[in-house]
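A short worksheet on the structure shown next.
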Amino acid sequence: MPSQELAETEASFPGVPPASSMPSWYPALLQTVAKEVHVGRTRAAAAANSELLRSYWSIGRHLAERETEQGWGAKVVTRLSADIRTRFPEAKGFSPRNLRYMKSFAQAWPDFPMLQAPLATLPWYHQIALLEKLDDGATRLWYAAAAAQHGWSRNVLVHQIQTRLHERSGQAITNFAATMVPADSDLAQQATKDPYVFDFLAMTDRHSERELELQLVKHVEKFLLELGQGFAFVGEQVRLEINGDEFFADLLFYHLKLRCYMVIELKAVKFEPGFLGQLGMYMAAVDDLMAHPDDKPTIGLLLCKEKNSVVAEYALRGFNTPIGIAEWRTSLADSLPDEIVSSLPSIETLEAELAGEAERLGG
């Protein structure tokens with residue numbers, strides 16, 4: 001065989017058989033292998049991340065020990081960063097700033113077993129956010145577990161910390177324990193918040209219910225983020241026809257884990273017990289007109305501008321359907337206790353202090 005012909009033969013590859021020629025069981029095989037590839041890649045990434053954190057923790061521990069024993073300053077970290085990058089030109093992540101984060105990381109978690117799941121599953125920049133935004137170890141672990149469970153990005157994690165999610169989660173006043181089976185009532189309770197913080201809204205001074213609804217729908221992705229994992233948006237002003245009369249539920253969602261609808265009614269005023277009768281009727285209508293026979297009973301959530309918690313608890317005693325009551329806010333400051341809000345400096349005070357500082361530095 002001529003050399004040219006031999007080269008062409010060696011360079012050729014068999015064509016990929018068409019999918020139609022595969023046996024009937026092939027799709028199942030493909031699905032199984034694809035799943036194994038995905039799981040393998042995920043585990044490899046998780047293992048690599050865990051080893052990276054272990055390395056950073058170990059480096060940070062050495063730095064912390066040296067600082068305690070020798071009392072060194074910033075020059076040591078700067079020199080160390082330069083020398084490491086000289087020895088390992090391809091290595092990244094060893095800037096002076098990152099080395100200081102490693103030291104803080106080791107000091108925050110003095111026992112390495114603390115770095116097991118879920119904390120060890122979070123990327124390094126998530127770890128930095130936990131270090132920068134939180135001082136308490138238990139609170140860091142709470143957010144680490146939530147971030148790992150829900151797959152939060154770093155920006156989402158920071159947002160949840162800034163809106164103090166750990167203080168609001170599961171805090172709505174409800175009758176879930178009395179109206180749902182324990183497993184569902186616990187999950188439903190944890191799916192609530194109080195207050196809900198809608199800091200993405202651009203509301204006018206009127207704060208009308210219709211305006212609130214339109215804004216929430218306009219920013220439905222952010223609204224879903226605030227509601228939490230498991231909610232699917234069904235519609236706004238959902239038409240419910242009852243014996244020839246029309247009614248419209250403000251917002252309708254479906255909870256994928258609870259397997260039920262959730263009706264959300266919005267009120268721009270203080271809670272009144274009479275609001276629950278309207279919400280209860282909408283819930284019953286959704287159960288009859290929209291729910292599948294396998295769906296669980298619809299849940300109601302009433303969001304008010306403010307509420308008297310004792311009145312809300314009394315009002316719920318007369319209902320045997322699952323309902324929650326919570327407040328909504330358009331800013332974090334709105335949800336702070338009055339004594340904290342009153343102690344915050346005004347914008348004018350801050351501007352005056354900044355101007356004075358700038359003048360001092362300039363002089």
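In the structure tokens, chains take the letters A, B, ... in the order shown, each chain's residues start at 1, and ligands count up from 1 in the order shown.
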Pull the alpha helix (DSSP H) assignments for stretch 84-121 of chain A out of DSSP run on the backbone, and list those residues as number ranges by chain. A: 84-87, 96-108
Rows by chain and residue number, stretch 140-250 of chain A within 12 Å of stretch 97-114 of chain A, shortest pair, only C-alpha atoms, as CSV:
```
residue,atom,partner,partner_atom,distance
A:Arg140,CA,A:Ala108,CA,9.8
A:Leu141,CA,A:Met114,CA,9.2
A:Ala144,CA,A:Met114,CA,11.6
```
Prev. selection, all heavy atoms, output as a short mmCIF file (atom, residue, chain, number, x, y, z; two decimals), in the first residue's frame:
```
data_model
loop_
_atom_site.label_atom_id
_atom_site.label_comp_id
_atom_site.auth_asym_id
_atom_site.auth_seq_id
_atom_site.Cartn_x
_atom_site.Cartn_y
_atom_site.Cartn_z
N ARG A 140 -22.75 31.92 61.05
CA ARG A 140 -22.06 31.56 59.81
C ARG A 140 -22.45 30.17 59.34
O ARG A 140 -22.71 29.94 58.16
CB ARG A 140 -20.54 31.61 60.02
CG ARG A 140 -19.93 33.00 60.11
CD ARG A 140 -18.43 32.92 60.00
NE ARG A 140 -17.80 34.20 60.26
CZ ARG A 140 -17.01 34.47 61.30
NH1 ARG A 140 -16.76 33.52 62.18
NH2 ARG A 140 -16.47 35.66 61.45
N LEU A 141 -22.52 29.23 60.28
CA LEU A 141 -22.89 27.86 59.92
C LEU A 141 -24.32 27.80 59.40
O LEU A 141 -24.63 27.03 58.48
CB LEU A 141 -22.73 26.93 61.13
CG LEU A 141 -21.29 26.56 61.51
CD1 LEU A 141 -21.28 25.73 62.78
CD2 LEU A 141 -20.62 25.79 60.37
N ALA A 144 -24.18 29.06 55.91
CA ALA A 144 -23.45 28.10 55.07
C ALA A 144 -24.35 26.93 54.69
O ALA A 144 -24.38 26.50 53.54
CB ALA A 144 -22.21 27.60 55.82
#
```
Pick out the closest residue to A:Ala177 from this set: A:Thr321, A:Gln278, A:Ser331, A:Asn308. Count only C-alpha atoms.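 Going through A:Thr321, A:Gln278, A:Ser331, A:Asn308 one by one, the smallest distance to A:Ala177 is for A:Thr321.
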If I take atom CA of A:Pro297 and atom CA of A:His150, how far is one from the other in Å, to one decimal?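 The value is 25.3 Å.
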Name the residues in contact with stretch 145-147 of chain A at a cut-off of 8 Å, using only C-alpha atoms, excluding same-chain residues fewer than 6 positions from it; report them as an MDAnalysis selection string. chainID A and resid 118:119 122 153 157
